[in-house]
file upload_39.csv (CSV, C-alpha atoms)
chain,number,residue,atom,x,y,z
A,122,MET,CA,27.6,-186.3,103.6
A,123,LEU,CA,30.7,-185.3,105.6
A,124,GLN,CA,32.7,-185.1,102.3
A,125,ILE,CA,30.1,-182.7,100.8
A,126,VAL,CA,30.5,-180.4,103.8
A,127,LYS,CA,34.3,-180.5,103.6
A,128,HIS,CA,34.1,-179.7,99.8
A,129,ILE,CA,31.8,-176.7,100.5
A,130,LYS,CA,34.2,-175.4,103.1
A,131,LYS,CA,37.1,-175.7,100.6
A,132,SER,CA,35.3,-173.9,97.8
A,133,PRO,CA,36.1,-170.2,97.2
A,134,LEU,CA,32.7,-169.1,98.2
A,135,GLY,CA,32.4,-171.6,101.0
A,136,GLY,CA,28.8,-171.9,102.4
A,137,LYS,CA,27.9,-168.6,100.7
A,138,GLY,CA,27.9,-170.4,97.3
A,139,VAL,CA,25.3,-172.9,98.6
A,140,LEU,CA,23.2,-170.0,100.0
A,141,LEU,CA,23.5,-168.0,96.7
A,142,GLY,CA,22.6,-171.1,94.7
A,143,GLY,CA,19.6,-171.7,96.9
A,144,LEU,CA,18.4,-168.1,96.6
A,145,PHE,CA,18.8,-168.3,92.8
A,146,LEU,CA,16.6,-171.5,92.7
A,147,VAL,CA,13.9,-169.8,94.8
A,148,ALA,CA,14.0,-166.7,92.7
A,149,THR,CA,13.8,-168.8,89.5
A,150,ALA,CA,10.8,-170.7,91.0
A,151,VAL,CA,9.0,-167.4,91.8
A,152,TYR,CA,9.7,-166.1,88.3
A,153,TYR,CA,8.3,-169.3,86.8
A,154,MET,CA,5.1,-169.3,88.9
A,155,VAL,CA,4.4,-165.5,88.8
A,156,ASN,CA,4.2,-163.3,85.7
A,157,PRO,CA,5.9,-160.0,86.7
A,158,GLU,CA,3.6,-158.2,84.3
A,159,GLY,CA,0.5,-159.0,86.3
A,160,VAL,CA,1.6,-158.2,89.9
A,161,TRP,CA,2.4,-154.9,91.6
A,162,TRP,CA,5.1,-156.1,94.0
A,163,PHE,CA,7.7,-157.0,91.4
A,164,PRO,CA,10.3,-154.1,91.1
A,165,LYS,CA,9.8,-151.6,88.3
A,166,CYS,CA,12.5,-149.8,86.4
A,167,GLY,CA,13.3,-146.6,88.2
A,168,LEU,CA,14.6,-144.9,85.0
A,169,TYR,CA,11.3,-145.7,83.2
A,170,GLN,CA,9.2,-144.6,86.1
A,171,LEU,CA,11.0,-141.2,86.3
A,172,THR,CA,11.7,-140.4,82.7
A,173,GLY,CA,9.6,-142.7,80.5
A,174,LEU,CA,12.9,-143.9,78.9
A,175,LYS,CA,13.6,-147.6,78.8
A,176,CYS,CA,16.9,-148.7,80.3
A,177,PRO,CA,19.1,-151.4,78.6
A,178,ILE,CA,17.6,-154.1,80.8
A,179,CYS,CA,13.9,-153.0,80.8
A,180,GLY,CA,11.8,-156.1,80.1
A,181,LEU,CA,14.3,-158.5,81.6
A,182,GLN,CA,12.0,-159.8,84.3
A,183,ARG,CA,9.2,-160.5,81.8
A,184,ALA,CA,11.6,-162.0,79.4
A,185,PHE,CA,13.0,-164.3,82.1
A,186,HIS,CA,9.5,-165.5,82.9
A,187,GLN,CA,8.8,-166.2,79.2
A,188,PHE,CA,12.1,-168.0,78.8
A,189,LEU,CA,11.4,-170.3,81.8
A,190,HIS,CA,8.1,-171.2,80.0
A,191,GLY,CA,10.0,-172.0,76.8
A,192,ASN,CA,8.7,-168.9,74.9
A,193,ILE,CA,12.1,-167.9,73.5
A,194,LEU,CA,10.8,-165.5,70.9
A,195,ALA,CA,8.5,-163.8,73.3
A,196,ALA,CA,11.4,-163.4,75.7
A,197,ILE,CA,13.5,-161.8,73.0
A,198,ARG,CA,10.7,-159.4,72.0
A,199,TYR,CA,10.7,-158.0,75.6
A,200,ASN,CA,14.3,-157.0,75.2
A,201,TYR,CA,16.3,-157.5,71.9
A,202,PHE,CA,19.6,-156.9,73.8
A,203,ILE,CA,19.3,-160.2,75.6
A,204,PRO,CA,20.7,-162.4,72.8
A,205,VAL,CA,23.5,-159.9,72.2
A,206,THR,CA,24.4,-160.1,75.9
A,207,VAL,CA,24.4,-163.9,76.0
A,208,ILE,CA,26.4,-164.3,72.8
A,209,TYR,CA,28.9,-161.5,73.8
A,210,TRP,CA,29.7,-162.9,77.2
A,211,ALA,CA,29.8,-166.5,75.9
A,212,VAL,CA,32.4,-165.5,73.3
A,213,VAL,CA,34.4,-163.4,75.8
A,214,LEU,CA,34.5,-166.2,78.4
A,215,ILE,CA,35.5,-168.8,75.8
A,216,ILE,CA,38.3,-166.6,74.4
A,217,THR,CA,39.7,-165.3,77.7
A,218,ARG,CA,39.0,-165.6,81.4
A,219,LYS,CA,41.5,-163.0,82.5
A,220,ASN,CA,41.3,-159.2,82.4
A,221,LEU,CA,37.6,-159.0,81.8
A,222,THR,CA,37.6,-155.3,82.7
A,223,ARG,CA,38.1,-154.0,79.2
A,224,TYR,CA,35.4,-156.4,77.9
A,225,PHE,CA,33.1,-155.1,80.6
A,226,TYR,CA,33.7,-151.5,79.6
A,227,PHE,CA,33.0,-152.3,76.0
A,228,TYR,CA,29.8,-154.1,77.1
A,229,CYS,CA,28.8,-151.0,79.0
A,230,LEU,CA,29.4,-149.0,75.8
A,231,LEU,CA,27.1,-151.4,73.9
A,232,ALA,CA,24.5,-151.1,76.6
A,233,PHE,CA,24.6,-147.3,76.4
A,234,ILE,CA,24.2,-147.5,72.6
A,235,TRP,CA,21.3,-149.8,73.1
A,236,LEU,CA,19.8,-147.4,75.6
A,237,ILE,CA,19.9,-144.6,72.9
A,238,VAL,CA,18.7,-146.8,70.0
A,239,ARG,CA,15.8,-148.5,71.8
A,240,ASN,CA,14.4,-145.1,72.9
A,241,ILE,CA,14.8,-143.5,69.5
A,242,VAL,CA,13.2,-146.4,67.6
A,243,ARG,CA,10.8,-147.2,70.5
A,244,LEU,CA,11.8,-150.9,70.9

call {"tool": "encode", "arguments": {"input": "upload_39.csv", "output": "structure tokens"}}
result
Amino acid sequence: MLQIVKHIKKSPLGGKGVLLGGLFLVATAVYYMVNPEGVWWFPKCGLYQLTGLKCPICGLQRAFHQFLHGNILAAIRYNYFIPVTVIYWAVVLIITRKNLTRYFYFYCLLAFIWLIVRNIVRL
């Protein structure tokens, strides 16, 4: 047990990494047990509430819930940009781990294009 505590203190995030990991697990459990579509207290998209336009990540909470239940196709139907995001970042992280800034800017451009396309086509 003492070695685990020493390892946590040496890690770059220290105890914060354990806290963040625990919060992620709790959030994942909540998303597994509660469908965001059926409750009022899950956060709603501000852009959609104000303008009626879907942002690039609209549907992500519902997709995550479906993904946790093994409904991959249903998850993708909530937001078609999810597979693009996963594949893009997987390839970027495999190719390079340095200077991610330019890849981030390109991803932002892709997300902006998706914002326009999904609202024109109504996806």

call {"tool": "atom_distance", "arguments": {"input": "upload_39.csv", "atom1": "atom CA of A:His186", "atom2": "atom CA of A:Val147"}}
result
13.4 Å

call {"tool": "residues_around", "arguments": {"input": "upload_39.csv", "residues": "A:Ala195", "least_positions_apart": "6", "cutoff": "8 Å", "atoms": "all atoms listed in the file", "output": "number ranges by chain"}}
result
A: 184, 187-188

call {"tool": "residues_around", "arguments": {"input": "upload_39.csv", "residues": "A:Ile178", "least_positions_apart": "2", "cutoff": "8 Å", "atoms": "only C-alpha atoms", "output": "mmCIF file with C-alpha atoms, in the frame of the given file"}}
result
data_model
loop_
_atom_site.group_PDB
_atom_site.id
_atom_site.type_symbol
_atom_site.label_atom_id
_atom_site.label_comp_id
_atom_site.auth_asym_id
_atom_site.auth_seq_id
_atom_site.Cartn_x
_atom_site.Cartn_y
_atom_site.Cartn_z
ATOM 1 C CA LYS A 175 13.600 -147.600 78.800
ATOM 2 C CA CYS A 176 16.900 -148.700 80.300
ATOM 3 C CA GLY A 180 11.800 -156.100 80.100
ATOM 4 C CA LEU A 181 14.300 -158.500 81.600
ATOM 5 C CA ASN A 200 14.300 -157.000 75.200
ATOM 6 C CA PHE A 202 19.600 -156.900 73.800
#

call {"tool": "atom_distance", "arguments": {"input": "upload_39.csv", "atom1": "atom CA of A:Val139", "atom2": "atom CA of A:Tyr152"}}
result
19.9 Å

call {"tool": "closest_residue", "arguments": {"input": "upload_39.csv", "among": "A:Val213, A:Leu144, A:Leu189, A:Leu174", "to": "A:Arg239", "atoms": "only C-alpha atoms"}}
result
A:Leu174

call {"tool": "residues_near_point", "arguments": {"input": "upload_39.csv", "point": "(21.5, -156.1, 73.4)", "cutoff": "12 Å", "atoms": "all atoms listed in the file", "output": "JSON, numbers by chain"}}
result
{"A": [176, 177, 178, 179, 180, 181, 197, 198, 199, 200, 201, 202, 203, 204, 205, 206, 207, 208, 209, 210, 228, 229, 230, 231, 232, 233, 234, 235, 236, 237, 238, 239, 244]}

call {"tool": "closest_residue", "arguments": {"input": "upload_39.csv", "among": "A:Phe225, A:Tyr153, A:Tyr169, A:Trp162", "to": "A:His190", "atoms": "all atoms listed in the file"}}
result
A:Tyr153

call {"tool": "atom_distance", "arguments": {"input": "upload_39.csv", "atom1": "atom CA of A:Val242", "atom2": "atom CA of A:Gly173"}}
result
13.9 Å

call {"tool": "closest_residue", "arguments": {"input": "upload_39.csv", "among": "A:Val160, A:Ile216, A:Leu140, A:Leu221", "to": "A:Gln182", "atoms": "all atoms listed in the file"}}
result
A:Val160

call {"tool": "closest_residue", "arguments": {"input": "upload_39.csv", "among": "A:Leu146, A:Asn192, A:Arg183, A:Ile241", "to": "A:Gly159", "atoms": "all atoms listed in the file"}}
result
A:Arg183

call {"tool": "decode", "arguments": {"input": "upload_39.csv", "residues": "stretch 182-195 of chain A", "atoms": "N, CA, C and O atoms", "output": "CSV table (one decimal), in the first residue's frame"}}
result
chain,number,residue,atom,x,y,z
A,182,GLN,N,-24.0,13.1,-25.0
A,182,GLN,CA,-24.4,12.5,-23.7
A,182,GLN,C,-25.3,11.3,-24.0
A,182,GLN,O,-25.1,10.2,-23.4
A,183,ARG,N,-26.2,11.4,-24.9
A,183,ARG,CA,-27.1,10.3,-25.2
A,183,ARG,C,-26.3,9.2,-25.9
A,183,ARG,O,-26.5,8.0,-25.7
A,184,ALA,N,-25.4,9.6,-26.8
A,184,ALA,CA,-24.5,8.6,-27.4
A,184,ALA,C,-23.6,7.8,-26.4
A,184,ALA,O,-23.5,6.6,-26.6
A,185,PHE,N,-23.1,8.5,-25.4
A,185,PHE,CA,-22.3,7.9,-24.4
A,185,PHE,C,-23.1,6.9,-23.6
A,185,PHE,O,-22.7,5.8,-23.4
A,186,HIS,N,-24.4,7.2,-23.3
A,186,HIS,CA,-25.3,6.3,-22.6
A,186,HIS,C,-25.5,5.0,-23.5
A,186,HIS,O,-25.4,3.9,-23.0
A,187,GLN,N,-25.8,5.2,-24.8
A,187,GLN,CA,-26.0,4.1,-25.6
A,187,GLN,C,-24.7,3.3,-25.8
A,187,GLN,O,-24.8,2.0,-25.8
A,188,PHE,N,-23.6,3.9,-25.9
A,188,PHE,CA,-22.3,3.2,-26.1
A,188,PHE,C,-22.0,2.3,-24.8
A,188,PHE,O,-21.6,1.2,-25.0
A,189,LEU,N,-22.3,2.8,-23.7
A,189,LEU,CA,-22.1,2.1,-22.4
A,189,LEU,C,-23.0,0.8,-22.4
A,189,LEU,O,-22.7,-0.1,-21.7
A,190,HIS,N,-24.1,0.9,-23.0
A,190,HIS,CA,-25.0,-0.3,-23.1
A,190,HIS,C,-24.8,-1.2,-24.3
A,190,HIS,O,-25.5,-2.1,-24.5
A,191,GLY,N,-23.7,-0.9,-25.1
A,191,GLY,CA,-23.3,-1.7,-26.2
A,191,GLY,C,-24.1,-1.4,-27.5
A,191,GLY,O,-23.9,-2.2,-28.4
A,192,ASN,N,-24.8,-0.3,-27.5
A,192,ASN,CA,-25.6,0.0,-28.7
A,192,ASN,C,-24.8,1.0,-29.5
A,192,ASN,O,-25.0,2.2,-29.6
A,193,ILE,N,-23.8,0.5,-30.2
A,193,ILE,CA,-22.8,1.3,-31.0
A,193,ILE,C,-23.5,2.1,-32.1
A,193,ILE,O,-23.2,3.3,-32.3
A,194,LEU,N,-24.3,1.4,-32.9
A,194,LEU,CA,-25.0,2.1,-34.0
A,194,LEU,C,-25.9,3.2,-33.5
A,194,LEU,O,-26.0,4.2,-34.1
A,195,ALA,N,-26.6,2.9,-32.4
A,195,ALA,CA,-27.5,4.0,-31.8
A,195,ALA,C,-26.7,5.2,-31.4
A,195,ALA,O,-27.1,6.3,-31.6
